[in-house]
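model_15.cif follows; it contains mmCIF, C-alpha atoms.
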data_upload
#
loop_
_atom_site.label_atom_id
_atom_site.label_comp_id
_atom_site.auth_asym_id
_atom_site.auth_seq_id
_atom_site.Cartn_x
_atom_site.Cartn_y
_atom_site.Cartn_z
CA MET A 1 106.23 116.03 102.03
CA LEU A 2 105.44 115.29 105.69
CA HIS A 3 102.53 113.11 104.55
CA ILE A 4 104.85 111.15 102.23
CA ILE A 5 107.40 110.65 105.00
CA LEU A 6 104.84 109.53 107.58
CA TYR A 7 102.68 107.38 105.33
CA ALA A 8 105.21 105.96 102.84
CA ILE A 9 108.78 106.12 104.17
CA VAL A 10 108.45 105.70 107.94
CA PRO A 11 106.44 102.41 107.71
CA ILE A 12 109.29 100.85 105.71
CA PHE A 13 111.80 101.60 108.46
CA VAL A 14 109.40 100.62 111.25
CA VAL A 15 108.80 97.14 109.77
CA MET A 16 112.48 96.75 108.84
CA ALA A 17 113.45 97.74 112.40
CA LEU A 18 111.00 95.18 113.77
CA GLY A 19 112.64 92.49 111.67
CA PHE A 20 116.11 93.74 112.60
CA PHE A 21 115.54 93.63 116.37
CA SER A 22 113.70 90.32 116.08
CA GLY A 23 116.77 88.93 114.37
CA LYS A 24 119.12 90.41 116.96
CA ALA A 25 116.96 88.93 119.73
CA GLY A 26 117.30 85.48 118.18
CA ALA A 27 113.62 85.10 117.29
CA PHE A 28 114.52 84.81 113.60
CA SER A 29 117.69 84.01 111.66
CA GLY A 30 119.03 84.62 108.17
CA SER A 31 117.63 81.26 107.06
CA ASP A 32 114.19 82.34 108.30
CA ALA A 33 114.49 85.48 106.17
CA ARG A 34 115.16 83.33 103.10
CA VAL A 35 112.04 81.27 103.87
CA LEU A 36 109.94 84.44 104.16
CA ASN A 37 111.43 85.76 100.92
CA LYS A 38 110.60 82.47 99.22
CA VAL A 39 106.95 82.99 100.18
CA VAL A 40 107.08 86.56 98.87
CA LEU A 41 108.93 85.71 95.66
CA ASN A 42 106.87 82.65 94.71
CA TYR A 43 103.41 83.72 95.87
CA ALA A 44 102.82 87.19 97.35
CA LEU A 45 104.84 89.28 94.88
CA PRO A 46 103.60 87.46 91.73
CA ALA A 47 100.00 87.90 92.93
CA ALA A 48 100.58 91.60 93.64
CA LEU A 49 102.23 92.17 90.25
CA PHE A 50 99.56 90.24 88.37
CA VAL A 51 96.62 92.08 89.93
CA SER A 52 98.22 95.53 89.62
CA ILE A 53 98.90 95.07 85.88
CA VAL A 54 95.83 93.09 84.79
CA LYS A 55 93.53 95.90 85.96
CA ALA A 56 95.00 98.15 83.28
CA ASN A 57 93.70 98.19 79.70
CA ARG A 58 95.05 98.62 76.20
CA SER A 59 93.86 102.20 75.90
CA MET A 60 96.02 103.19 78.88
CA LEU A 61 99.17 102.29 76.96
CA ALA A 62 97.93 104.02 73.82
CA VAL A 63 96.72 107.26 75.45
CA ASP A 64 100.19 108.76 75.50
CA GLY A 65 102.57 106.84 73.27
CA LYS A 66 105.39 109.30 73.97
CA LEU A 67 105.07 108.70 77.73
CA THR A 68 105.13 104.93 77.24
CA ILE A 69 108.13 104.94 74.86
CA ILE A 70 110.21 107.30 77.02
CA ALA A 71 109.40 105.42 80.23
CA PHE A 72 110.29 102.05 78.75
CA THR A 73 113.42 103.25 76.91
CA VAL A 74 115.00 105.38 79.64
CA LEU A 75 114.27 103.05 82.54
CA LEU A 76 115.57 100.06 80.60
CA ALA A 77 118.71 102.01 79.64
CA CYS A 78 119.27 102.89 83.31
CA PHE A 79 118.79 99.23 84.24
CA PHE A 80 121.63 98.21 81.92
CA LEU A 81 123.75 101.18 83.03
CA VAL A 82 123.59 99.94 86.64
CA TYR A 83 124.36 96.40 85.48
CA PHE A 84 127.50 97.37 83.56
CA VAL A 85 128.72 99.87 86.18
CA PHE A 86 128.55 97.29 88.97
CA LYS A 87 129.98 94.56 86.76
CA MET A 88 133.15 96.66 86.47
CA TYR A 89 133.67 96.78 90.24
CA LYS A 90 136.59 94.64 91.33
CA GLY A 91 135.41 91.45 93.00
CA ASN A 92 131.85 91.67 91.65
CA THR A 93 130.46 88.79 89.61
CA ALA A 94 127.90 88.97 86.82
CA SER A 95 125.36 87.69 89.37
CA ASP A 96 126.20 90.61 91.70
CA ALA A 97 125.73 93.03 88.82
CA ALA A 98 122.37 91.46 87.87
CA VAL A 99 121.07 91.83 91.43
CA SER A 100 122.41 95.40 91.56
CA ALA A 101 120.41 96.20 88.41
CA LEU A 102 117.29 94.68 89.95
CA ILE A 103 117.78 96.87 93.03
CA SER A 104 119.24 100.21 91.92
CA GLY A 105 118.10 99.95 88.30
CA SER A 106 114.38 99.88 89.08
CA PRO A 107 112.07 102.10 91.19
CA THR A 108 109.80 100.51 93.80
CA ILE A 109 106.71 101.60 91.89
CA GLY A 110 104.36 98.88 93.13
CA PHE A 111 105.09 99.59 96.78
CA LEU A 112 105.43 103.39 96.89
CA GLY A 113 103.95 104.55 93.58
CA PHE A 114 100.51 105.58 94.77
CA ALA A 115 101.75 106.47 98.28
CA VAL A 116 104.12 109.10 96.88
CA LEU A 117 102.51 110.32 93.64
CA GLU A 118 98.90 110.73 94.83
CA PRO A 119 99.69 113.16 97.69
CA ILE A 120 101.70 115.28 95.22
CA PHE A 121 99.63 115.07 92.03
CA GLY A 122 96.18 114.01 93.22
CA THR A 123 94.10 110.94 92.43
CA SER A 124 93.47 111.56 88.73
CA ALA A 125 93.53 108.86 86.07
CA SER A 126 96.82 110.33 84.79
CA VAL A 127 98.54 109.30 88.03
CA GLY A 128 97.30 105.75 87.64
CA LEU A 129 98.42 105.74 84.00
CA VAL A 130 102.03 106.69 84.84
CA ILE A 131 102.19 104.17 87.69
CA ALA A 132 100.77 101.41 85.48
CA ILE A 133 103.24 102.10 82.65
CA VAL A 134 106.26 102.18 84.99
CA ALA A 135 104.98 99.07 86.79
CA ILE A 136 104.76 97.15 83.51
CA GLU A 137 108.33 98.14 82.58
CA VAL A 138 109.73 97.28 86.03
CA ASN A 139 107.78 94.08 86.64
CA ALA A 140 107.08 92.59 83.22
CA ILE A 141 110.42 93.50 81.64
CA GLY A 142 112.92 94.35 84.39
CA ILE A 143 112.37 91.36 86.68
CA PRO A 144 112.42 88.69 83.92
CA LEU A 145 115.45 90.40 82.36
CA GLY A 146 117.27 90.50 85.70
CA LEU A 147 116.49 86.85 86.34
CA CYS A 148 117.78 85.98 82.85
CA LEU A 149 121.06 87.78 83.60
CA LEU A 150 121.28 86.06 86.98
CA ASN A 151 120.59 82.61 85.53
CA SER A 152 122.97 83.28 82.64
CA ALA A 153 125.74 84.09 85.11
CA ASP A 154 125.03 80.88 87.02
CA ALA A 155 125.09 78.89 83.76
CA ALA A 156 128.41 80.44 82.73
CA LYS A 157 129.89 79.63 86.13
CA ALA A 158 128.70 76.03 85.88
CA ALA A 159 130.19 75.77 82.38
CA ALA A 160 133.55 77.04 83.63
CA GLU A 161 133.51 74.37 86.33
CA ASN A 162 132.69 71.67 83.77
CA GLY A 163 135.56 72.14 81.37
CA GLY A 164 134.37 75.28 79.63
CA LYS A 165 131.51 73.72 77.66
CA LYS A 166 129.26 76.52 76.43
CA PRO A 167 125.74 76.31 77.87
CA ASN A 168 122.61 76.57 75.78
CA PRO A 169 121.90 80.34 75.64
CA TRP A 170 118.16 79.70 76.02
CA ILE A 171 118.51 77.84 79.32
CA PRO A 172 118.83 81.03 81.44
CA VAL A 173 115.77 82.49 79.71
CA ILE A 174 113.74 79.33 80.29
CA ASN A 175 114.86 79.11 83.90
CA ALA A 176 113.92 82.74 84.46
CA LEU A 177 110.49 82.34 82.88
CA LYS A 178 109.77 79.36 85.12
CA GLN A 179 109.73 81.72 88.11
CA PRO A 180 106.23 82.98 89.06
CA VAL A 181 107.65 86.46 89.65
CA ALA A 182 108.64 86.53 85.94
CA TRP A 183 105.73 84.86 84.14
CA ALA A 184 102.92 86.35 86.28
CA PRO A 185 103.42 89.99 85.12
CA ILE A 186 104.05 88.85 81.54
CA LEU A 187 100.79 86.88 81.59
CA ALA A 188 99.01 89.96 82.94
CA VAL A 189 100.37 92.11 80.11
CA VAL A 190 99.26 89.51 77.53
CA LEU A 191 95.74 89.50 78.99
CA VAL A 192 95.67 93.31 78.88
CA LEU A 193 96.85 93.40 75.26
CA PHE A 194 94.15 90.89 74.26
CA GLY A 195 91.53 92.97 76.01
CA VAL A 196 90.60 90.36 78.62
CA LYS A 197 88.64 92.12 81.37
CA TRP A 198 89.64 91.10 84.88
CA PRO A 199 86.53 90.22 86.96
CA SER A 200 86.44 92.12 90.24
CA TYR A 201 85.09 89.11 92.17
CA LEU A 202 88.49 87.43 91.73
CA ASP A 203 90.30 90.28 93.50
CA PRO A 204 89.90 88.97 97.08
CA SER A 205 91.48 85.63 96.17
CA PHE A 206 94.64 87.44 95.01
CA THR A 207 94.76 90.46 97.31
CA LEU A 208 94.74 88.34 100.47
CA ILE A 209 98.16 86.85 99.65
CA SER A 210 99.44 89.88 97.74
CA GLY A 211 98.81 92.02 100.82
CA ALA A 212 101.67 90.20 102.55
CA ASN A 213 104.12 91.28 99.86
CA ALA A 214 105.36 94.62 101.21
CA SER A 215 105.18 93.81 104.92
CA LEU A 216 106.93 90.44 104.65
CA ALA A 217 109.56 91.87 102.30
CA CYS A 218 110.40 94.72 104.71
CA PHE A 219 110.38 92.40 107.73
CA ALA A 220 112.66 89.89 105.97
CA ALA A 221 114.99 92.72 104.90
CA GLY A 222 115.29 93.73 108.56
CA ILE A 223 116.12 90.15 109.57
CA THR A 224 118.71 90.01 106.79
CA LEU A 225 120.30 93.23 108.06
CA SER A 226 120.54 91.70 111.53
CA SER A 227 122.34 88.63 110.20
CA VAL A 228 124.84 90.35 107.90
CA LYS A 229 127.35 93.12 108.37
CA VAL A 230 125.80 96.41 107.29
CA VAL A 231 128.15 98.10 104.84
CA PHE A 232 128.56 101.71 103.73
CA ASN A 233 131.03 101.24 100.92
CA GLY A 234 131.40 102.87 97.54
CA GLN A 235 128.94 100.47 95.92
CA VAL A 236 126.19 101.45 98.35
CA TRP A 237 126.69 105.14 97.60
CA MET A 238 127.05 104.49 93.87
CA GLY A 239 123.78 102.54 93.84
CA SER A 240 122.01 105.39 95.63
CA PHE A 241 123.51 107.94 93.22
CA LEU A 242 122.47 106.00 90.12
CA LYS A 243 118.97 105.40 91.48
CA LEU A 244 118.12 108.78 93.03
CA ILE A 245 120.08 111.13 90.74
CA VAL A 246 121.00 109.57 87.39
CA MET A 247 117.68 107.82 86.66
CA PRO A 248 115.33 110.80 87.26
CA LEU A 249 117.83 113.15 85.59
CA ALA A 250 117.84 110.95 82.47
CA VAL A 251 114.03 110.88 82.42
CA LEU A 252 113.86 114.66 82.82
CA ALA A 253 116.42 115.33 80.08
CA VAL A 254 114.85 112.96 77.55
CA GLY A 255 111.35 114.19 78.41
CA LEU A 256 112.38 117.80 77.77
CA ILE A 257 114.17 116.93 74.53
CA PHE A 258 111.08 115.19 73.14
CA HIS A 259 108.64 117.76 74.57
CA MET A 260 106.63 115.53 76.88
CA GLU A 261 103.44 116.94 78.34
CA PRO A 262 104.69 118.80 81.48
CA PHE A 263 102.32 117.19 83.99
CA ASN A 264 103.16 113.68 82.77
CA LEU A 265 106.85 114.54 82.80
CA LYS A 266 106.67 115.66 86.43
CA MET A 267 104.98 112.41 87.43
CA LEU A 268 107.40 110.25 85.44
CA VAL A 269 110.40 112.00 87.01
CA MET A 270 109.00 111.41 90.49
CA ALA A 271 108.20 107.77 89.68
CA SER A 272 111.77 107.21 88.48
CA ALA A 273 113.18 108.91 91.60
CA LEU A 274 111.49 106.42 93.95
CA PRO A 275 113.78 104.25 96.13
CA PRO A 276 115.14 100.92 94.82
CA ALA A 277 112.75 98.07 94.06
CA MET A 278 112.00 95.77 97.00
CA SER A 279 111.77 92.88 94.54
CA GLY A 280 115.53 93.12 93.98
CA ILE A 281 116.21 92.55 97.68
CA ILE A 282 113.81 89.61 97.73
CA ILE A 283 115.60 88.01 94.77
CA ALA A 284 119.02 88.76 96.30
CA SER A 285 118.06 86.97 99.52
CA ARG A 286 116.40 84.09 97.67
CA TYR A 287 119.55 83.42 95.61
CA ASN A 288 121.91 84.48 98.42
CA VAL A 289 123.67 86.92 96.08
CA TYR A 290 124.84 90.45 96.97
CA VAL A 291 122.67 90.44 100.09
CA ALA A 292 124.62 92.67 102.50
CA THR A 293 125.50 95.43 100.01
CA GLY A 294 122.10 95.27 98.29
CA THR A 295 120.13 95.53 101.53
CA SER A 296 122.37 98.34 102.78
CA SER A 297 121.88 100.18 99.48
CA LEU A 298 118.10 99.88 99.83
CA ALA A 299 118.16 101.31 103.36
CA VAL A 300 120.46 104.21 102.43
CA SER A 301 118.53 105.08 99.25
CA THR A 302 115.18 105.01 101.04
CA LEU A 303 116.53 107.37 103.71
CA LEU A 304 118.05 109.72 101.12
CA PHE A 305 114.77 109.77 99.19
CA MET A 306 113.34 112.05 101.88
CA GLY A 307 115.67 114.74 100.53
CA ALA A 308 115.61 113.68 96.89
CA CYS A 309 111.81 113.86 96.65
CA PRO A 310 111.36 117.63 97.24
CA MET A 311 114.58 118.30 95.30
CA TRP A 312 113.21 116.66 92.14
CA ILE A 313 109.84 118.37 92.51
CA TRP A 314 111.63 121.72 92.53
CA LEU A 315 114.19 120.89 89.82
CA THR A 316 111.53 119.55 87.46
CA ASP A 317 109.43 122.71 87.83
CA VAL A 318 112.48 124.89 87.17
CA ALA A 319 113.58 122.84 84.15
CA ILE A 320 110.09 122.86 82.59
CA LYS A 321 109.86 126.66 82.97
CA MET A 322 113.29 127.10 81.40
CA PHE A 323 113.20 124.61 78.53
CA ALA A 324 109.62 123.48 77.86
#

For the structure just supplied, provide its representation as C-alpha coordinates.
Amino acid sequence: MLHIILYAIVPIFVVMALGFFSGKAGAFSGSDARVLNKVVLNYALPAALFVSIVKANRSMLAVDGKLTIIAFTVLLACFFLVYFVFKMYKGNTASDAAVSALISGSPTIGFLGFAVLEPIFGTSASVGLVIAIVAIEVNAIGIPLGLCLLNSADAAKAAAENGGKKPNPWIPVINALKQPVAWAPILAVVLVLFGVKWPSYLDPSFTLISGANASLACFAAGITLSSVKVVFNGQVWMGSFLKLIVMPLAVLAVGLIFHMEPFNLKMLVMASALPPAMSGIIIASRYNVYVATGTSSLAVSTLLFMGACPMWIWLTDVAIKMFA
(Lines of atoms letter the chains of each structure in order from A and count residues from 1; the text may use other names and numbers.)
(Lines give C-alpha, C1' and ligand atoms only; values in the text may rest on other atoms or scores of the structure.)
Protein backbone atom coordinates (compact mmCIF):
# COMPACT_ATOMS: atom_id res chain seq x y z
CA MET A 1 0.00 0.00 0.00
CA LEU A 2 2.87 2.38 0.80
CA HIS A 3 4.33 1.65 -2.64
CA ILE A 4 1.00 2.51 -4.30
CA ILE A 5 0.72 5.75 -2.34
CA LEU A 6 4.28 6.86 -3.08
CA TYR A 7 4.47 5.77 -6.71
CA ALA A 8 0.88 6.28 -7.93
CA ILE A 9 -1.07 8.69 -5.71
CA VAL A 10 1.54 11.16 -4.42
CA PRO A 11 2.82 12.11 -7.94
CA ILE A 12 -0.71 13.16 -8.91
CA PHE A 13 -0.93 15.61 -6.00
CA VAL A 14 2.65 16.84 -6.48
CA VAL A 15 2.05 17.79 -10.13
CA MET A 16 -1.42 19.17 -9.35
CA ALA A 17 0.09 21.25 -6.53
CA LEU A 18 2.76 22.55 -8.90
CA GLY A 19 0.05 23.67 -11.30
CA PHE A 20 -2.02 25.11 -8.46
CA PHE A 21 0.78 27.27 -7.03
CA SER A 22 1.89 28.28 -10.52
CA GLY A 23 -1.63 29.52 -11.13
CA LYS A 24 -1.78 31.33 -7.80
CA ALA A 25 1.57 32.97 -8.56
CA GLY A 26 0.19 34.29 -11.85
CA ALA A 27 2.49 32.25 -14.08
CA PHE A 28 -0.53 30.53 -15.65
CA SER A 29 -4.24 31.30 -15.86
CA GLY A 30 -7.44 29.36 -16.46
CA SER A 31 -7.19 30.08 -20.18
CA ASP A 32 -3.68 28.57 -20.18
CA ALA A 33 -5.11 25.43 -18.59
CA ARG A 34 -7.65 25.15 -21.41
CA VAL A 35 -4.82 25.45 -23.97
CA LEU A 36 -2.87 22.68 -22.22
CA ASN A 37 -6.00 20.52 -22.07
CA LYS A 38 -6.56 21.11 -25.78
CA VAL A 39 -3.08 19.67 -26.43
CA VAL A 40 -3.86 16.70 -24.19
CA LEU A 41 -7.34 16.07 -25.58
CA ASN A 42 -6.46 16.41 -29.27
CA TYR A 43 -2.98 14.85 -29.33
CA ALA A 44 -1.45 13.35 -26.17
CA LEU A 45 -4.49 11.45 -24.84
CA PRO A 46 -5.56 10.02 -28.24
CA ALA A 47 -1.99 8.81 -28.83
CA ALA A 48 -1.84 7.23 -25.36
CA LEU A 49 -5.23 5.53 -25.81
CA PHE A 50 -4.40 4.29 -29.29
CA VAL A 51 -1.06 2.74 -28.34
CA SER A 52 -2.36 1.16 -25.12
CA ILE A 53 -5.24 -0.58 -26.94
CA VAL A 54 -3.61 -1.48 -30.27
CA LYS A 55 -0.97 -3.57 -28.48
CA ALA A 56 -3.70 -5.96 -27.35
CA ASN A 57 -4.92 -8.84 -29.52
CA ARG A 58 -8.14 -10.68 -30.25
CA SER A 59 -7.24 -13.64 -28.07
CA MET A 60 -7.03 -11.36 -25.02
CA LEU A 61 -10.72 -10.54 -25.31
CA ALA A 62 -11.64 -14.17 -25.93
CA VAL A 63 -9.55 -15.72 -23.14
CA ASP A 64 -12.16 -14.99 -20.50
CA GLY A 65 -15.49 -14.08 -22.05
CA LYS A 66 -17.15 -13.84 -18.64
CA LEU A 67 -14.58 -11.26 -17.50
CA THR A 68 -15.09 -9.19 -20.66
CA ILE A 69 -18.91 -9.28 -20.51
CA ILE A 70 -19.09 -8.42 -16.80
CA ALA A 71 -16.53 -5.62 -17.12
CA PHE A 72 -18.29 -4.04 -20.07
CA THR A 73 -21.83 -4.47 -18.70
CA VAL A 74 -21.27 -3.33 -15.11
CA LEU A 75 -18.98 -0.40 -15.89
CA LEU A 76 -21.33 0.84 -18.60
CA ALA A 77 -24.30 0.51 -16.21
CA CYS A 78 -22.40 2.53 -13.58
CA PHE A 79 -21.60 5.16 -16.22
CA PHE A 80 -25.31 5.67 -16.92
CA LEU A 81 -26.14 5.52 -13.20
CA VAL A 82 -23.82 8.48 -12.57
CA TYR A 83 -25.29 10.31 -15.56
CA PHE A 84 -28.90 9.98 -14.39
CA VAL A 85 -28.11 10.65 -10.71
CA PHE A 86 -26.34 13.92 -11.51
CA LYS A 87 -28.94 14.90 -14.08
CA MET A 88 -31.51 14.90 -11.26
CA TYR A 89 -29.56 17.43 -9.20
CA LYS A 90 -31.24 20.82 -9.16
CA GLY A 91 -29.41 23.29 -11.37
CA ASN A 92 -27.47 20.64 -13.30
CA THR A 93 -27.78 20.49 -17.08
CA ALA A 94 -27.52 17.42 -19.29
CA SER A 95 -24.00 18.62 -20.16
CA ASP A 96 -23.08 18.67 -16.45
CA ALA A 97 -24.41 15.13 -16.08
CA ALA A 98 -22.45 13.94 -19.14
CA VAL A 99 -19.19 15.33 -17.74
CA SER A 100 -20.01 13.83 -14.32
CA ALA A 101 -20.39 10.42 -15.98
CA LEU A 102 -17.05 10.86 -17.76
CA ILE A 103 -15.42 11.66 -14.41
CA SER A 104 -17.12 9.59 -11.70
CA GLY A 105 -18.49 6.94 -14.05
CA SER A 106 -15.11 5.72 -15.28
CA PRO A 107 -11.90 4.58 -13.52
CA THR A 108 -8.57 6.14 -14.50
CA ILE A 109 -7.31 2.81 -15.81
CA GLY A 110 -4.81 4.17 -18.33
CA PHE A 111 -3.07 6.37 -15.78
CA LEU A 112 -3.11 4.24 -12.61
CA GLY A 113 -3.98 0.74 -13.85
CA PHE A 114 -0.51 -0.77 -13.91
CA ALA A 115 0.75 1.47 -11.08
CA VAL A 116 -1.86 0.07 -8.69
CA LEU A 117 -2.57 -3.48 -9.90
CA GLU A 118 1.00 -4.68 -10.52
CA PRO A 119 2.27 -4.02 -6.96
CA ILE A 120 -0.75 -5.94 -5.62
CA PHE A 121 -1.14 -8.79 -8.12
CA GLY A 122 2.25 -9.01 -9.83
CA THR A 123 3.25 -8.57 -13.46
CA SER A 124 1.46 -11.58 -14.95
CA ALA A 125 -0.37 -11.54 -18.28
CA SER A 126 -3.66 -11.71 -16.36
CA VAL A 127 -3.03 -8.23 -14.95
CA GLY A 128 -2.45 -6.85 -18.42
CA LEU A 129 -5.60 -8.61 -19.65
CA VAL A 130 -7.85 -6.97 -17.02
CA ILE A 131 -6.30 -3.55 -17.61
CA ALA A 132 -6.69 -3.89 -21.39
CA ILE A 133 -10.35 -4.93 -21.14
CA VAL A 134 -11.24 -2.10 -18.74
CA ALA A 135 -9.25 0.37 -20.87
CA ILE A 136 -11.20 -0.61 -23.99
CA GLU A 137 -14.53 -0.13 -22.17
CA VAL A 138 -13.50 3.23 -20.66
CA ASN A 139 -11.73 4.68 -23.69
CA ALA A 140 -13.38 3.13 -26.74
CA ILE A 141 -16.94 3.14 -25.37
CA GLY A 142 -17.13 5.52 -22.40
CA ILE A 143 -15.40 8.55 -23.90
CA PRO A 144 -17.27 8.50 -27.26
CA LEU A 145 -20.54 7.88 -25.38
CA GLY A 146 -19.87 10.78 -23.01
CA LEU A 147 -19.01 13.08 -25.89
CA CYS A 148 -22.23 12.03 -27.66
CA LEU A 149 -24.25 12.92 -24.54
CA LEU A 150 -22.38 16.21 -24.23
CA ASN A 151 -22.89 17.12 -27.89
CA SER A 152 -26.52 16.01 -27.72
CA ALA A 153 -27.11 18.36 -24.80
CA ASP A 154 -25.50 21.22 -26.72
CA ALA A 155 -27.65 20.44 -29.77
CA ALA A 156 -30.83 20.38 -27.66
CA LYS A 157 -29.89 23.72 -26.10
CA ALA A 158 -29.26 25.23 -29.53
CA ALA A 159 -32.62 23.90 -30.74
CA ALA A 160 -34.41 25.48 -27.78
CA GLU A 161 -32.80 28.81 -28.63
CA ASN A 162 -33.87 28.49 -32.27
CA GLY A 163 -37.59 28.04 -31.84
CA GLY A 164 -37.62 24.44 -30.67
CA LYS A 165 -36.69 22.83 -33.99
CA LYS A 166 -35.58 19.26 -33.30
CA PRO A 167 -31.94 18.64 -34.25
CA ASN A 168 -30.80 15.69 -36.32
CA PRO A 169 -30.18 12.93 -33.72
CA TRP A 170 -27.05 11.81 -35.59
CA ILE A 171 -25.34 15.20 -35.37
CA PRO A 172 -24.14 14.71 -31.76
CA VAL A 173 -22.77 11.28 -32.68
CA ILE A 174 -20.96 12.64 -35.73
CA ASN A 175 -19.58 15.58 -33.75
CA ALA A 176 -18.35 13.23 -31.05
CA LEU A 177 -16.68 10.87 -33.51
CA LYS A 178 -14.84 13.79 -35.10
CA GLN A 179 -12.84 14.19 -31.89
CA PRO A 180 -9.47 12.36 -31.90
CA VAL A 181 -10.07 11.24 -28.32
CA ALA A 182 -13.15 9.34 -29.57
CA TRP A 183 -12.08 7.87 -32.92
CA ALA A 184 -8.49 6.97 -31.93
CA PRO A 185 -9.45 4.22 -29.40
CA ILE A 186 -12.22 2.97 -31.70
CA LEU A 187 -9.73 2.69 -34.57
CA ALA A 188 -7.37 0.79 -32.26
CA VAL A 189 -10.11 -1.68 -31.33
CA VAL A 190 -10.97 -2.21 -35.02
CA LEU A 191 -7.31 -2.94 -35.81
CA VAL A 192 -7.17 -5.41 -32.91
CA LEU A 193 -10.35 -7.18 -34.03
CA PHE A 194 -8.97 -7.51 -37.57
CA GLY A 195 -5.74 -8.94 -36.21
CA VAL A 196 -3.50 -6.13 -37.43
CA LYS A 197 -0.18 -6.41 -35.59
CA TRP A 198 1.19 -3.10 -34.34
CA PRO A 199 4.88 -2.71 -35.35
CA SER A 200 7.08 -1.87 -32.38
CA TYR A 201 9.21 0.57 -34.40
CA LEU A 202 6.22 2.94 -34.51
CA ASP A 203 6.03 3.13 -30.71
CA PRO A 204 8.52 6.01 -30.24
CA SER A 205 6.59 8.24 -32.62
CA PHE A 206 3.48 7.88 -30.44
CA THR A 207 4.93 7.50 -26.95
CA LEU A 208 6.84 10.80 -27.16
CA ILE A 209 3.60 12.81 -27.30
CA SER A 210 1.53 10.34 -25.27
CA GLY A 211 4.04 10.65 -22.43
CA ALA A 212 2.81 14.21 -21.87
CA ASN A 213 -0.73 13.00 -21.26
CA ALA A 214 -0.72 12.36 -17.51
CA SER A 215 1.71 15.10 -16.49
CA LEU A 216 0.04 17.85 -18.53
CA ALA A 217 -3.42 16.73 -17.42
CA CYS A 218 -2.46 16.86 -13.71
CA PHE A 219 -0.65 20.19 -14.14
CA ALA A 220 -3.63 21.71 -15.98
CA ALA A 221 -6.00 20.37 -13.30
CA GLY A 222 -3.91 22.19 -10.69
CA ILE A 223 -4.07 25.44 -12.68
CA THR A 224 -7.83 24.99 -13.00
CA LEU A 225 -8.15 24.54 -9.24
CA SER A 226 -6.23 27.78 -8.72
CA SER A 227 -8.59 29.70 -11.00
CA VAL A 228 -11.91 28.37 -9.69
CA LYS A 229 -13.46 28.12 -6.26
CA VAL A 230 -12.78 24.68 -4.83
CA VAL A 231 -16.08 23.19 -3.67
CA PHE A 232 -16.94 20.45 -1.19
CA ASN A 233 -20.64 20.14 -1.84
CA GLY A 234 -22.98 17.17 -1.98
CA GLN A 235 -22.17 16.49 -5.63
CA VAL A 236 -18.47 16.12 -4.87
CA TRP A 237 -19.17 13.59 -2.12
CA MET A 238 -21.81 11.82 -4.22
CA GLY A 239 -19.36 11.47 -7.10
CA SER A 240 -16.74 10.00 -4.77
CA PHE A 241 -19.31 7.61 -3.28
CA LEU A 242 -20.52 6.38 -6.67
CA LYS A 243 -16.97 5.96 -7.95
CA LEU A 244 -15.19 4.43 -4.94
CA ILE A 245 -18.06 2.46 -3.35
CA VAL A 246 -20.93 1.75 -5.75
CA MET A 247 -18.87 0.82 -8.83
CA PRO A 248 -16.54 -1.75 -7.18
CA LEU A 249 -19.43 -3.08 -5.09
CA ALA A 250 -21.48 -3.67 -8.26
CA VAL A 251 -18.54 -5.46 -9.91
CA LEU A 252 -18.00 -7.63 -6.83
CA ALA A 253 -21.69 -8.56 -6.52
CA VAL A 254 -22.14 -9.41 -10.21
CA GLY A 255 -18.82 -11.28 -10.29
CA LEU A 256 -19.88 -13.44 -7.33
CA ILE A 257 -23.34 -14.09 -8.78
CA PHE A 258 -21.86 -15.34 -12.06
CA HIS A 259 -18.96 -17.18 -10.39
CA MET A 260 -16.04 -15.29 -11.90
CA GLU A 261 -12.59 -16.75 -11.43
CA PRO A 262 -11.52 -15.35 -8.00
CA PHE A 263 -8.17 -13.88 -9.08
CA ASN A 264 -9.73 -12.08 -12.05
CA LEU A 265 -12.56 -10.86 -9.84
CA LYS A 266 -10.10 -9.36 -7.35
CA MET A 267 -8.29 -7.51 -10.12
CA LEU A 268 -11.51 -6.28 -11.74
CA VAL A 269 -12.81 -4.97 -8.40
CA MET A 270 -9.56 -3.08 -7.83
CA ALA A 271 -9.60 -1.70 -11.39
CA SER A 272 -13.15 -0.43 -10.90
CA ALA A 273 -12.23 1.13 -7.54
CA LEU A 274 -9.55 3.36 -9.10
CA PRO A 275 -10.06 7.15 -8.84
CA PRO A 276 -12.08 9.03 -11.49
CA ALA A 277 -10.81 9.20 -15.07
CA MET A 278 -8.48 12.13 -15.81
CA SER A 279 -9.96 12.26 -19.32
CA GLY A 280 -13.23 13.52 -17.83
CA ILE A 281 -11.47 16.52 -16.28
CA ILE A 282 -9.69 17.25 -19.55
CA ILE A 283 -13.01 17.23 -21.44
CA ALA A 284 -14.68 19.33 -18.73
CA SER A 285 -11.99 22.01 -19.03
CA ARG A 286 -11.98 21.85 -22.83
CA TYR A 287 -15.75 22.46 -23.02
CA ASN A 288 -15.79 24.68 -19.90
CA VAL A 289 -18.52 22.52 -18.35
CA TYR A 290 -18.74 21.44 -14.68
CA VAL A 291 -15.09 22.39 -14.14
CA ALA A 292 -15.02 23.43 -10.47
CA THR A 293 -17.14 20.57 -9.11
CA GLY A 294 -15.57 17.99 -11.43
CA THR A 295 -12.00 18.93 -10.54
CA SER A 296 -12.85 19.03 -6.82
CA SER A 297 -14.45 15.59 -7.12
CA LEU A 298 -11.29 14.22 -8.76
CA ALA A 299 -9.08 15.58 -5.97
CA VAL A 300 -11.34 14.27 -3.18
CA SER A 301 -11.78 10.83 -4.77
CA THR A 302 -8.05 10.42 -5.38
CA LEU A 303 -7.34 11.27 -1.74
CA LEU A 304 -10.05 8.90 -0.47
CA PHE A 305 -8.69 6.11 -2.69
CA MET A 306 -5.80 5.71 -0.24
CA GLY A 307 -8.35 4.30 2.20
CA ALA A 308 -10.63 2.64 -0.35
CA CYS A 309 -7.80 0.59 -1.89
CA PRO A 310 -6.93 -1.58 1.16
CA MET A 311 -10.62 -1.71 2.11
CA TRP A 312 -11.60 -3.32 -1.21
CA ILE A 313 -8.66 -5.74 -1.09
CA TRP A 314 -9.91 -6.96 2.29
CA LEU A 315 -13.64 -6.93 1.43
CA THR A 316 -13.09 -8.85 -1.81
CA ASP A 317 -11.09 -11.56 -0.03
CA VAL A 318 -13.79 -11.88 2.63
CA ALA A 319 -16.62 -11.99 0.07
CA ILE A 320 -14.88 -14.63 -2.08
CA LYS A 321 -14.30 -16.85 0.98
CA MET A 322 -17.94 -16.50 2.01
CA PHE A 323 -19.76 -16.80 -1.30
CA ALA A 324 -17.43 -18.20 -3.98

Within 9 Å of stretch 135-146 of chain A using only C-alpha atoms, minus same-chain residues under 4 positions, as a ChimeraX atom specification: /A:49,52-53,71-72,75-76,79,98-99,101-102,105-110,113,130-131,150-151,173,176-177,179,181-189,277,279-280

Of A:Leu36, A:Val318, A:Ala292, A:Met278, the one sitting nearest A:Ala214 when using all atoms listed in the file is A:Met278

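Using only C-alpha atoms, the shortest contact distance between A:Phe232 and any of A:Leu147, A:Leu191, A:Ala299, A:Val127 is found at A:Ala299.
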
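The residue that comes closest to A:Leu303, out of A:Ala56, A:Ile9, A:Ala33, A:Leu256 and on the basis of all atoms listed in the file, is A:Ile9.
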
Do you know which residues the PyMOL selection byres ((chain A and resi 260) around 12) returns on this file, as an MDAnalysis selection string? chainID A and resid 64:71 251:259 261:269 320 323:324

Between atom CA of A:Asn213 and atom CA of A:Leu81 lies a distance of 27.7 Å
